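A.B. asks: Structure file coords20.pdb (PDB, C-alpha atoms (C1' of nucleotides)) is given on the next line.
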```pdb
ATOM      1  CA  MET N   1       8.667  23.821  12.751
ATOM      2  CA  LYS N   2       5.923  21.563  13.955
ATOM      3  CA  GLU N   3       5.547  17.926  13.044
ATOM      4  CA  SER N   4       2.845  17.529  10.444
ATOM      5  CA  SER N   5      -0.148  15.299  11.049
ATOM      6  CA  ASN N   6       0.926  13.486   7.921
ATOM      7  CA  ALA N   7       4.211  12.562   9.504
ATOM      8  CA  THR N   8       2.225  11.236  12.415
ATOM      9  CA  SER N   9       0.196   8.980  10.166
ATOM     10  CA  LEU N  10       3.404   7.797   8.573
ATOM     11  CA  ARG N  11       4.607   6.885  12.036
ATOM     12  CA  ALA N  12       1.641   4.565  12.291
ATOM     13  CA  SER N  13       2.947   2.631   9.298
ATOM     14  CA  PHE N  14       6.654   2.740  10.060
ATOM     15  CA  SER N  15       6.714   2.911  13.822
ATOM     16  CA  ASP N  16      10.459   2.648  14.077
ATOM     17  CA  GLY N  17      10.957   5.216  11.321
ATOM     18  CA  VAL N  18      12.709   2.674   9.133
ATOM     19  CA  PHE N  19      11.580   2.079   5.560
ATOM     20  CA  PRO N  20      12.442  -1.609   5.155
ATOM     21  CA  ALA N  21      14.380  -2.625   2.076
ATOM     22  CA  GLY N  22      12.145  -5.510   1.084
ATOM     23  CA  CYS N  23       8.882  -3.696   1.741
ATOM     24  CA  PRO N  24       6.305  -3.999  -1.076
ATOM     25  CA  SER N  25       5.650  -0.285  -0.847
ATOM     26  CA  ARG N  26       9.153   0.269  -2.179
ATOM     27  CA  THR N  27       8.255  -1.466  -5.426
ATOM     28  CA  VAL N  28       5.026   0.461  -5.776
ATOM     29  CA  LEU N  29       6.757   3.719  -4.967
ATOM     30  CA  ASP N  30       9.361   3.033  -7.630
ATOM     31  CA  HIS N  31       6.636   2.467 -10.220
ATOM     32  CA  VAL N  32       4.569   5.525  -9.443
ATOM     33  CA  THR N  33       7.483   7.894  -8.968
ATOM     34  CA  SER N  34       9.301   6.740 -12.076
ATOM     35  CA  LYS N  35      10.397   9.387 -14.500
ATOM     36  CA  TRP N  36       7.607   8.719 -16.988
ATOM     37  CA  GLY N  37       5.055   7.171 -14.669
ATOM     38  CA  VAL N  38       4.381  10.467 -12.946
ATOM     39  CA  LEU N  39       3.800  12.309 -16.198
ATOM     40  CA  ILE N  40       1.522   9.631 -17.616
ATOM     41  CA  LEU N  41      -0.579   9.468 -14.473
ATOM     42  CA  VAL N  42      -0.898  13.228 -14.277
ATOM     43  CA  ALA N  43      -1.781  13.483 -17.948
ATOM     44  CA  LEU N  44      -4.458  10.840 -17.514
ATOM     45  CA  SER N  45      -5.869  12.668 -14.490
ATOM     46  CA  GLU N  46      -7.581  14.927 -16.998
ATOM     47  CA  GLY N  47      -9.443  12.051 -18.538
ATOM     48  CA  GLU N  48      -9.242   9.213 -21.023
ATOM     49  CA  GLN N  49      -6.605   9.609 -23.669
ATOM     50  CA  ARG N  50      -5.181   7.796 -26.652
ATOM     51  CA  TRP N  51      -1.690   6.468 -27.163
ATOM     52  CA  SER N  52      -0.716   9.256 -29.498
ATOM     53  CA  ASP N  53      -2.059  11.888 -27.094
ATOM     54  CA  LEU N  54       0.059  10.526 -24.284
ATOM     55  CA  ARG N  55       3.071  10.322 -26.540
ATOM     56  CA  ARG N  56       2.685  13.978 -27.395
ATOM     57  CA  ARG N  57       1.974  15.161 -23.865
ATOM     58  CA  ALA N  58       4.820  13.290 -22.213
ATOM     59  CA  ASP N  59       7.164  15.132 -24.506
ATOM     60  CA  GLY N  60      10.380  13.266 -25.234
ATOM     61  CA  ILE N  61       9.204   9.795 -24.287
ATOM     62  CA  SER N  62      10.160   6.984 -26.632
ATOM     63  CA  GLU N  63       7.559   4.519 -27.820
ATOM     64  CA  LYS N  64       9.288   1.749 -25.967
ATOM     65  CA  MET N  65       9.139   3.593 -22.667
ATOM     66  CA  LEU N  66       5.545   4.612 -23.215
ATOM     67  CA  ALA N  67       4.527   1.019 -23.835
ATOM     68  CA  GLN N  68       6.567  -0.224 -20.910
ATOM     69  CA  THR N  69       5.303   2.411 -18.499
ATOM     70  CA  LEU N  70       1.674   1.895 -19.476
ATOM     71  CA  LYS N  71       2.066  -1.844 -19.086
ATOM     72  CA  THR N  72       3.474  -1.467 -15.593
ATOM     73  CA  LEU N  73       0.750   0.942 -14.548
ATOM     74  CA  GLU N  74      -1.894  -1.346 -16.004
ATOM     75  CA  ARG N  75      -0.485  -4.350 -14.169
ATOM     76  CA  ASP N  76      -0.532  -2.306 -10.985
ATOM     77  CA  GLY N  77      -4.223  -1.644 -11.500
ATOM     78  CA  LEU N  78      -3.808   2.094 -11.894
ATOM     79  CA  VAL N  79      -4.582   2.404 -15.591
ATOM     80  CA  ASN N  80      -7.334   0.936 -17.767
ATOM     81  CA  ARG N  81      -6.567  -0.047 -21.329
ATOM     82  CA  SER N  82      -9.438  -0.377 -23.767
ATOM     83  CA  ALA N  83      -8.606  -1.424 -27.312
ATOM     84  CA  GLN N  84     -11.126  -1.208 -30.112
ATOM     85  CA  ALA N  85     -10.698  -3.575 -33.043
ATOM     86  CA  VAL N  86     -11.010  -0.920 -35.690
ATOM     87  CA  ILE N  87      -8.674   0.105 -38.461
ATOM     88  CA  PRO N  88      -6.515   1.955 -37.775
ATOM     89  CA  PRO N  89      -6.495   0.631 -34.224
ATOM     90  CA  ARG N  90      -7.770   2.811 -31.442
ATOM     91  CA  VAL N  91      -6.710   2.334 -27.853
ATOM     92  CA  ASP N  92      -7.875   4.492 -24.988
ATOM     93  CA  TYR N  93      -6.155   4.739 -21.653
ATOM     94  CA  SER N  94      -7.763   5.994 -18.480
ATOM     95  CA  LEU N  95      -7.230   5.909 -14.742
ATOM     96  CA  THR N  96      -8.828   3.336 -12.505
ATOM     97  CA  ASP N  97     -10.370   4.566  -9.275
ATOM     98  CA  ARG N  98      -7.180   3.764  -7.481
ATOM     99  CA  GLY N  99      -5.142   5.482 -10.145
ATOM    100  CA  TYR N 100      -7.286   8.554  -9.834
ATOM    101  CA  GLU N 101      -6.811   8.614  -6.090
ATOM    102  CA  LEU N 102      -3.072   8.459  -6.669
ATOM    103  CA  SER N 103      -3.190  11.222  -9.231
ATOM    104  CA  THR N 104      -4.718  13.585  -6.697
ATOM    105  CA  LEU N 105      -1.456  13.198  -4.781
ATOM    106  CA  LEU N 106       0.786  13.514  -7.807
ATOM    107  CA  VAL N 107      -0.769  16.571  -9.384
ATOM    108  CA  PRO N 108       0.184  18.892  -6.491
ATOM    109  CA  LEU N 109       3.688  17.466  -6.673
ATOM    110  CA  VAL N 110       4.077  18.251 -10.355
ATOM    111  CA  THR N 111       2.552  21.661  -9.829
ATOM    112  CA  TRP N 112       5.008  22.299  -7.018
ATOM    113  CA  ALA N 113       7.917  21.204  -9.195
ATOM    114  CA  PHE N 114       6.792  23.555 -11.912
ATOM    115  CA  ASP N 115       6.345  26.479  -9.541
ATOM    116  CA  ASN N 116       9.705  26.000  -7.850
ATOM    117  CA  ALA N 117      11.849  24.742 -10.708
ATOM    118  CA  ASP N 118      13.285  28.073 -11.754
ATOM    119  CA  ASP N 119      14.129  29.137  -8.218
ATOM    120  CA  ILE N 120      15.750  25.803  -7.489
ATOM    121  CA  LEU N 121      17.893  25.502 -10.576
ATOM    122  CA  HIS N 122      18.770  29.172 -10.635
ATOM    123  CA  GLY N 123      19.841  29.412  -7.013
ATOM    124  CA  GLN N 124      22.662  26.893  -7.292
ATOM    125  CA  ARG N 125      26.204  28.052  -6.715
TER     126      ARG N 125
ATOM    127  CA  MET H   1     -15.408  11.219 -12.749
ATOM    128  CA  LYS H   2     -15.079  14.932 -12.273
ATOM    129  CA  GLU H   3     -12.000  16.947 -13.066
ATOM    130  CA  SER H   4     -10.134  17.772  -9.897
ATOM    131  CA  SER H   5      -9.391  21.352  -8.932
ATOM    132  CA  ASN H   6      -5.765  20.259  -8.890
ATOM    133  CA  ALA H   7      -5.886  19.340 -12.517
ATOM    134  CA  THR H   8      -7.300  22.749 -13.158
ATOM    135  CA  SER H   9      -4.361  24.413 -11.500
ATOM    136  CA  LEU H  10      -2.053  22.239 -13.506
ATOM    137  CA  ARG H  11      -3.778  23.481 -16.595
ATOM    138  CA  ALA H  12      -2.714  26.955 -15.608
ATOM    139  CA  SER H  13       0.923  25.860 -15.816
ATOM    140  CA  PHE H  14       0.751  23.651 -18.878
ATOM    141  CA  SER H  15      -2.081  25.159 -20.826
ATOM    142  CA  ASP H  16      -1.608  22.878 -23.809
ATOM    143  CA  GLY H  17      -1.327  19.823 -21.581
ATOM    144  CA  VAL H  18       2.171  19.113 -22.810
ATOM    145  CA  PHE H  19       5.044  18.610 -20.385
ATOM    146  CA  PRO H  20       7.957  19.957 -22.432
ATOM    147  CA  ALA H  21      11.074  17.811 -22.612
ATOM    148  CA  GLY H  22      13.530  20.560 -21.758
ATOM    149  CA  CYS H  23      11.445  22.069 -18.991
ATOM    150  CA  PRO H  24      13.354  22.764 -15.746
ATOM    151  CA  SER H  25      10.534  21.180 -13.768
ATOM    152  CA  ARG H  26      11.515  17.863 -15.329
ATOM    153  CA  THR H  27      14.926  18.028 -13.714
ATOM    154  CA  VAL H  28      13.482  18.988 -10.344
ATOM    155  CA  LEU H  29      10.860  16.288 -10.586
ATOM    156  CA  ASP H  30      13.532  13.712 -11.335
ATOM    157  CA  HIS H  31      15.477  14.751  -8.249
ATOM    158  CA  VAL H  32      12.593  14.755  -5.814
ATOM    159  CA  THR H  33      10.933  11.599  -7.116
ATOM    160  CA  SER H  34      14.154   9.636  -7.270
ATOM    161  CA  LYS H  35      14.184   6.279  -5.565
ATOM    162  CA  TRP H  36      16.158   7.464  -2.544
ATOM    163  CA  GLY H  37      15.272  11.142  -2.647
ATOM    164  CA  VAL H  38      11.701  10.488  -1.602
ATOM    165  CA  LEU H  39      12.730   8.389   1.377
ATOM    166  CA  ILE H  40      15.356  10.857   2.559
ATOM    167  CA  LEU H  41      12.975  13.785   2.330
ATOM    168  CA  VAL H  42      10.231  11.933   4.164
ATOM    169  CA  ALA H  43      12.632  10.758   6.861
ATOM    170  CA  LEU H  44      13.839  14.311   7.352
ATOM    171  CA  SER H  45      10.261  15.568   7.603
ATOM    172  CA  GLU H  46      10.376  14.323  11.179
ATOM    173  CA  GLY H  47      13.264  16.566  12.035
ATOM    174  CA  GLU H  48      17.020  16.957  11.910
ATOM    175  CA  GLN H  49      18.960  13.742  11.586
ATOM    176  CA  ARG H  50      22.499  12.518  11.331
ATOM    177  CA  TRP H  51      24.118  10.725   8.451
ATOM    178  CA  SER H  52      24.043   7.402  10.246
ATOM    179  CA  ASP H  53      20.372   7.842  11.152
ATOM    180  CA  LEU H  54      19.443   8.415   7.546
ATOM    181  CA  ARG H  55      21.527   5.464   6.479
ATOM    182  CA  ARG H  56      19.613   3.256   8.866
ATOM    183  CA  ARG H  57      16.170   4.628   8.077
ATOM    184  CA  ALA H  58      16.502   4.469   4.300
ATOM    185  CA  ASP H  59      17.134   0.770   4.682
ATOM    186  CA  GLY H  60      19.248  -0.693   1.911
ATOM    187  CA  ILE H  61      20.817   2.512   0.682
ATOM    188  CA  SER H  62      24.532   2.417  -0.035
ATOM    189  CA  GLU H  63      26.814   5.099   1.331
ATOM    190  CA  LYS H  64      27.523   6.204  -2.171
ATOM    191  CA  MET H  65      23.874   6.818  -2.979
ATOM    192  CA  LEU H  66      23.209   8.480   0.356
ATOM    193  CA  ALA H  67      26.019  10.949  -0.248
ATOM    194  CA  GLN H  68      24.941  11.541  -3.829
ATOM    195  CA  THR H  69      21.280  12.007  -2.966
ATOM    196  CA  LEU H  70      21.990  14.360  -0.087
ATOM    197  CA  LYS H  71      24.332  16.401  -2.249
ATOM    198  CA  THR H  72      21.699  16.794  -4.939
ATOM    199  CA  LEU H  73      18.997  17.753  -2.446
ATOM    200  CA  GLU H  74      21.349  20.225  -0.798
ATOM    201  CA  ARG H  75      22.234  21.809  -4.125
ATOM    202  CA  ASP H  76      18.525  22.088  -4.844
ATOM    203  CA  GLY H  77      18.058  24.010  -1.617
ATOM    204  CA  LEU H  78      15.824  21.390  -0.042
ATOM    205  CA  VAL H  79      18.196  20.105   2.612
ATOM    206  CA  ASN H  80      20.512  21.852   5.061
ATOM    207  CA  ARG H  81      23.842  20.297   5.937
ATOM    208  CA  SER H  82      25.535  21.367   9.149
ATOM    209  CA  ALA H  83      28.901  19.818   9.918
ATOM    210  CA  GLN H  84      30.562  20.187  13.294
ATOM    211  CA  ALA H  85      34.339  20.014  13.386
ATOM    212  CA  VAL H  86      34.518  17.488  16.151
ATOM    213  CA  ILE H  87      36.100  14.075  16.288
ATOM    214  CA  PRO H  88      34.504  11.803  15.377
ATOM    215  CA  PRO H  89      32.755  14.071  12.879
ATOM    216  CA  ARG H  90      29.123  14.933  13.365
ATOM    217  CA  VAL H  91      26.943  16.081  10.498
ATOM    218  CA  ASP H  92      23.278  16.954  10.837
ATOM    219  CA  TYR H  93      20.834  17.141   7.982
ATOM    220  CA  SER H  94      17.504  18.936   8.048
ATOM    221  CA  LEU H  95      14.922  20.272   5.648
ATOM    222  CA  THR H  96      14.886  23.843   4.466
ATOM    223  CA  ASP H  97      11.536  25.627   4.415
ATOM    224  CA  ARG H  98      11.153  24.698   0.802
ATOM    225  CA  GLY H  99      12.096  21.132   1.533
ATOM    226  CA  TYR H 100       9.548  20.960   4.290
ATOM    227  CA  GLU H 101       6.860  22.264   1.990
ATOM    228  CA  LEU H 102       7.774  19.548  -0.473
ATOM    229  CA  SER H 103       7.719  16.875   2.210
ATOM    230  CA  THR H 104       4.113  17.679   3.020
ATOM    231  CA  LEU H 105       3.342  16.531  -0.532
ATOM    232  CA  LEU H 106       5.555  13.459  -0.392
ATOM    233  CA  VAL H 107       4.429  12.051   2.925
ATOM    234  CA  PRO H 108       0.863  11.338   1.727
ATOM    235  CA  LEU H 109       2.355   9.692  -1.338
ATOM    236  CA  VAL H 110       4.510   7.335   0.696
ATOM    237  CA  THR H 111       1.614   6.631   3.017
ATOM    238  CA  TRP H 112      -0.582   5.836   0.028
ATOM    239  CA  ALA H 113       2.067   3.518  -1.403
ATOM    240  CA  PHE H 114       2.288   1.721   1.910
ATOM    241  CA  ASP H 115      -1.469   1.388   2.261
ATOM    242  CA  ASN H 116      -2.001   0.129  -1.274
ATOM    243  CA  ALA H 117       1.157  -1.886  -1.860
ATOM    244  CA  ASP H 118      -0.237  -5.267  -0.880
ATOM    245  CA  ASP H 119      -3.419  -4.859  -2.909
ATOM    246  CA  ILE H 120      -1.478  -3.717  -5.936
ATOM    247  CA  LEU H 121       1.189  -6.400  -5.966
ATOM    248  CA  HIS H 122      -1.208  -9.146  -4.956
ATOM    249  CA  GLY H 123      -3.894  -8.372  -7.515
ATOM    250  CA  GLN H 124      -1.705  -8.947 -10.567
ATOM    251  CA  ARG H 125      -2.621 -11.725 -12.968
TER     252      ARG H 125
ATOM    253  C1'  DC D   1      51.057   2.220  18.241
ATOM    254  C1'  DC D   2      46.450   0.151  17.484
ATOM    255  C1'  DG D   3      42.007   0.181  16.612
ATOM    256  C1'  DA D   4      37.610   2.270  16.861
ATOM    257  C1'  DT D   5      34.610   5.919  15.298
ATOM    258  C1'  DT D   6      32.059   8.873  11.620
ATOM    259  C1'  DG D   7      31.353  10.707   7.360
ATOM    260  C1'  DC D   8      32.453  10.618   3.343
ATOM    261  C1'  DT D   9      35.199   9.583  -1.682
ATOM    262  C1'  DT D  10      36.931   6.741  -5.346
ATOM    263  C1'  DC D  11      37.052   2.879  -8.405
ATOM    264  C1'  DC D  12      35.181  -1.088 -10.714
ATOM    265  C1'  DC D  13      31.647  -3.509 -12.587
ATOM    266  C1'  DG D  14      27.082  -5.429 -13.529
ATOM    267  C1'  DA D  15      22.199  -4.169 -14.028
ATOM    268  C1'  DA D  16      18.779  -1.323 -15.540
ATOM    269  C1'  DA D  17      17.069   2.431 -18.196
ATOM    270  C1'  DG D  18      16.551   4.389 -22.393
ATOM    271  C1'  DT D  19      17.254   5.315 -27.621
ATOM    272  C1'  DT D  20      17.019   4.114 -32.394
ATOM    273  C1'  DA D  21      15.645   1.469 -35.996
ATOM    274  C1'  DG D  22      13.121  -2.115 -38.066
ATOM    275  C1'  DT D  23       8.786  -5.096 -38.399
ATOM    276  C1'  DA D  24       3.811  -5.998 -38.470
ATOM    277  C1'  DC D  25      -1.152  -5.376 -39.588
ATOM    278  C1'  DG D  26      -5.132  -4.336 -42.476
ATOM    279  C1'  DC D  27      -7.690  -0.985 -44.629
ATOM    280  C1'  DA D  28      -8.285   3.487 -47.229
ATOM    281  C1'  DC D  29      -6.738   6.544 -50.334
ATOM    282  C1'  DT D  30      -3.976   8.014 -54.675
TER     283       DT D  30
ATOM    284  C1'  DA O   1       0.568  -0.986 -56.659
ATOM    285  C1'  DG O   2       2.201   1.534 -53.323
ATOM    286  C1'  DT O   3       1.961   4.545 -49.269
ATOM    287  C1'  DG O   4       0.404   6.094 -44.865
ATOM    288  C1'  DC O   5      -1.966   5.562 -40.553
ATOM    289  C1'  DG O   6      -2.071   4.095 -35.364
ATOM    290  C1'  DT O   7      -0.499   0.917 -32.098
ATOM    291  C1'  DA O   8       2.339  -1.705 -30.987
ATOM    292  C1'  DC O   9       6.737  -5.416 -30.395
ATOM    293  C1'  DT O  10      11.598  -6.669 -30.894
ATOM    294  C1'  DA O  11      16.608  -6.423 -31.329
ATOM    295  C1'  DA O  12      20.794  -3.969 -30.890
ATOM    296  C1'  DC O  13      23.077  -0.676 -28.760
ATOM    297  C1'  DT O  14      24.475   3.186 -25.525
ATOM    298  C1'  DT O  15      24.169   5.639 -21.308
ATOM    299  C1'  DT O  16      23.183   6.083 -16.677
ATOM    300  C1'  DC O  17      22.265   4.087 -12.172
ATOM    301  C1'  DG O  18      23.620   1.930  -8.341
ATOM    302  C1'  DG O  19      25.979  -1.643  -5.275
ATOM    303  C1'  DG O  20      30.238  -3.323  -3.006
ATOM    304  C1'  DA O  21      34.512  -2.785  -1.359
ATOM    305  C1'  DA O  22      38.210  -0.212  -0.190
ATOM    306  C1'  DG O  23      40.530   3.884   1.429
ATOM    307  C1'  DC O  24      41.036   8.175   4.078
ATOM    308  C1'  DA O  25      41.128  11.716   7.774
ATOM    309  C1'  DA O  26      41.701  12.998  12.559
ATOM    310  C1'  DT O  27      41.541  12.140  17.221
ATOM    311  C1'  DC O  28      40.990   9.597  21.355
ATOM    312  C1'  DG O  29      41.141   5.622  24.689
ATOM    313  C1'  DG O  30      43.852   1.803  25.791
TER     314       DG O  30
END
```
How does the structure come out when it is put into structure tokens?
C.D. replies:
Amino acid sequence: MKESSNATSLRASFSDGVFPAGCPSRTVLDHVTSKWGVLILVALSEGEQRWSDLRRRADGISEKMLAQTLKTLERDGLVNRSAQAVIPPRVDYSLTDRGYELSTLLVPLVTWAFDNADDILHGQR
Amino acid sequence: MKESSNATSLRASFSDGVFPAGCPSRTVLDHVTSKWGVLILVALSEGEQRWSDLRRRADGISEKMLAQTLKTLERDGLVNRSAQAVIPPRVDYSLTDRGYELSTLLVPLVTWAFDNADDILHGQR
DNA sequence: CCGATTGCTTCCCGAAAGTTAGTACGCACT
DNA sequence: AGTGCGTACTAACTTTCGGGAAGCAATCGG
């Protein structure tokens, strides 16, 4: 098994191979790999969507968690929120450029999880 | 912003764009995107390592969480555990083929988080 | 016999995540 | 007049996560 070039580039960031506890990347990683964060980002990778669309697509999410997750992602500059002052209110969410870049990393991950899920959960003794 | 080819392949899995609540991939995704799971998998992507190495590299992890995370990843068939009956005990952990495949998706994610962390946390109003 | 070593396990507790239910708004429709 | 819609926010509550500390096992060097 050869070392991947990716691992090499990681080495450039963490030369001693230690992921420091206080490192800012930890916080960011926690946000973007959160249970709902991943699903929201991946859903938005297909384009702008409304609150109710996201609620439906991230099946099982509560309104509280949807609001909270979107707020975090917006604060992190990964998601754009555009509210129109119409009745009933209409709010569209979309990815920022940075968010889109991130989503190109997350989509393969979700796809992988989907492709391997049955094997993984079935093969447990 | 064009639709990525990744999003297209996702579409093949979730044709209606909904990520079902009970879907097995949810469970797998939760395991592999867990706070410590990501770090352990990425650390192991550089090769076999001992318990104490992992404890040091995933800085800040408690022994309890290290044991729990490794057990989950092992049950999922992503990590190999090989214990030698010597005193003091020596236990080596490594990635399975499937785990290695997964790590090639996670490493870019961690690298991205590291590269963007300062911008993200600094740019918040 | 003492303590060091390594890899865990167990227990307790506080923090965080998450759910459910209730509130609001302002207009359109019945 | 009353009800529903879409997008929230808040409070109250429950469940899970996770840290810290302690204990344990087995052997070896002193």
A.B. asks: Please measure the separation of CA of Thr96 in chain N and CA of Asp115 in chain H, giving the value in Å to one decimal.
C.D. replies: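 Rounded to one decimal, the two atoms are 16.6 Å apart.
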A.B. asks: With all atoms listed in the file considered, list every residue of chain N at most 8 Å from chain O, as a PyMOL selection string.
C.D. replies: chain N and resi 51-52+67+88-91
A.B. asks: Can those selected residues be exported to a file as a PDB file, keeping the file's coordinate frame so that it contains C-alpha atoms?
C.D. replies:
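This is the output file out17.pdb:
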```pdb
ATOM      1  CA  TRP N  51      -1.690   6.468 -27.163  1.00  0.00           C
ATOM      2  CA  SER N  52      -0.716   9.256 -29.498  1.00  0.00           C
ATOM      3  CA  ALA N  67       4.527   1.019 -23.835  1.00  0.00           C
ATOM      4  CA  PRO N  88      -6.515   1.955 -37.775  1.00  0.00           C
ATOM      5  CA  PRO N  89      -6.495   0.631 -34.224  1.00  0.00           C
ATOM      6  CA  ARG N  90      -7.770   2.811 -31.442  1.00  0.00           C
ATOM      7  CA  VAL N  91      -6.710   2.334 -27.853  1.00  0.00           C
TER       8      VAL N  91
END
```
A.B. asks: Pull out every residue of chain N sitting within 8 Å of chain H, counting all atoms listed in the file, and send them as a PyMOL selection string.
C.D. replies: chain N and resi 3-4+6-7+9-10+13+17-21+24-30+33-35+39+43+45-47+56-60+75-77+102+104-118+120-121+123-125
A.B. asks: Just checking: using all atoms listed in the file, which residue out of D:DC13, D:DA21, D:DC27, D:DC1 ends up closest to chain N?
C.D. replies: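 Nearest to chain N: D:DC27.
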A.B. asks: Any idea what the distance is between CA of Asp92 in chain N and CA of Gln49 in chain N?
C.D. replies: 5.4 Å
A.B. asks: Please report as number ranges by chain which residues of chain D come no farther than 8 Å from chain N, using only C-alpha atoms (C1' of nucleotides).
C.D. replies: D: 18-19, 26-27
A.B. asks: Just the number, please: distance in Å from C1' of DG14 in chain D to CA of Leu73 in chain N, one decimal.
C.D. replies: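 We find that C1' of DG14 in chain D and CA of Leu73 in chain N lie 27.1 Å from each other.
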A.B. asks: Convert the output of the PyMOL selection byres ((chain N and resi 80) around 6) on the shown file into explicit residues, formatted as a list in words.
C.D. replies: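 Applied to this file, the PyMOL selection byres ((chain N and resi 80) around 6) returns Val79, Arg81, Tyr93, Ser94, Leu95 and Thr96 of chain N.
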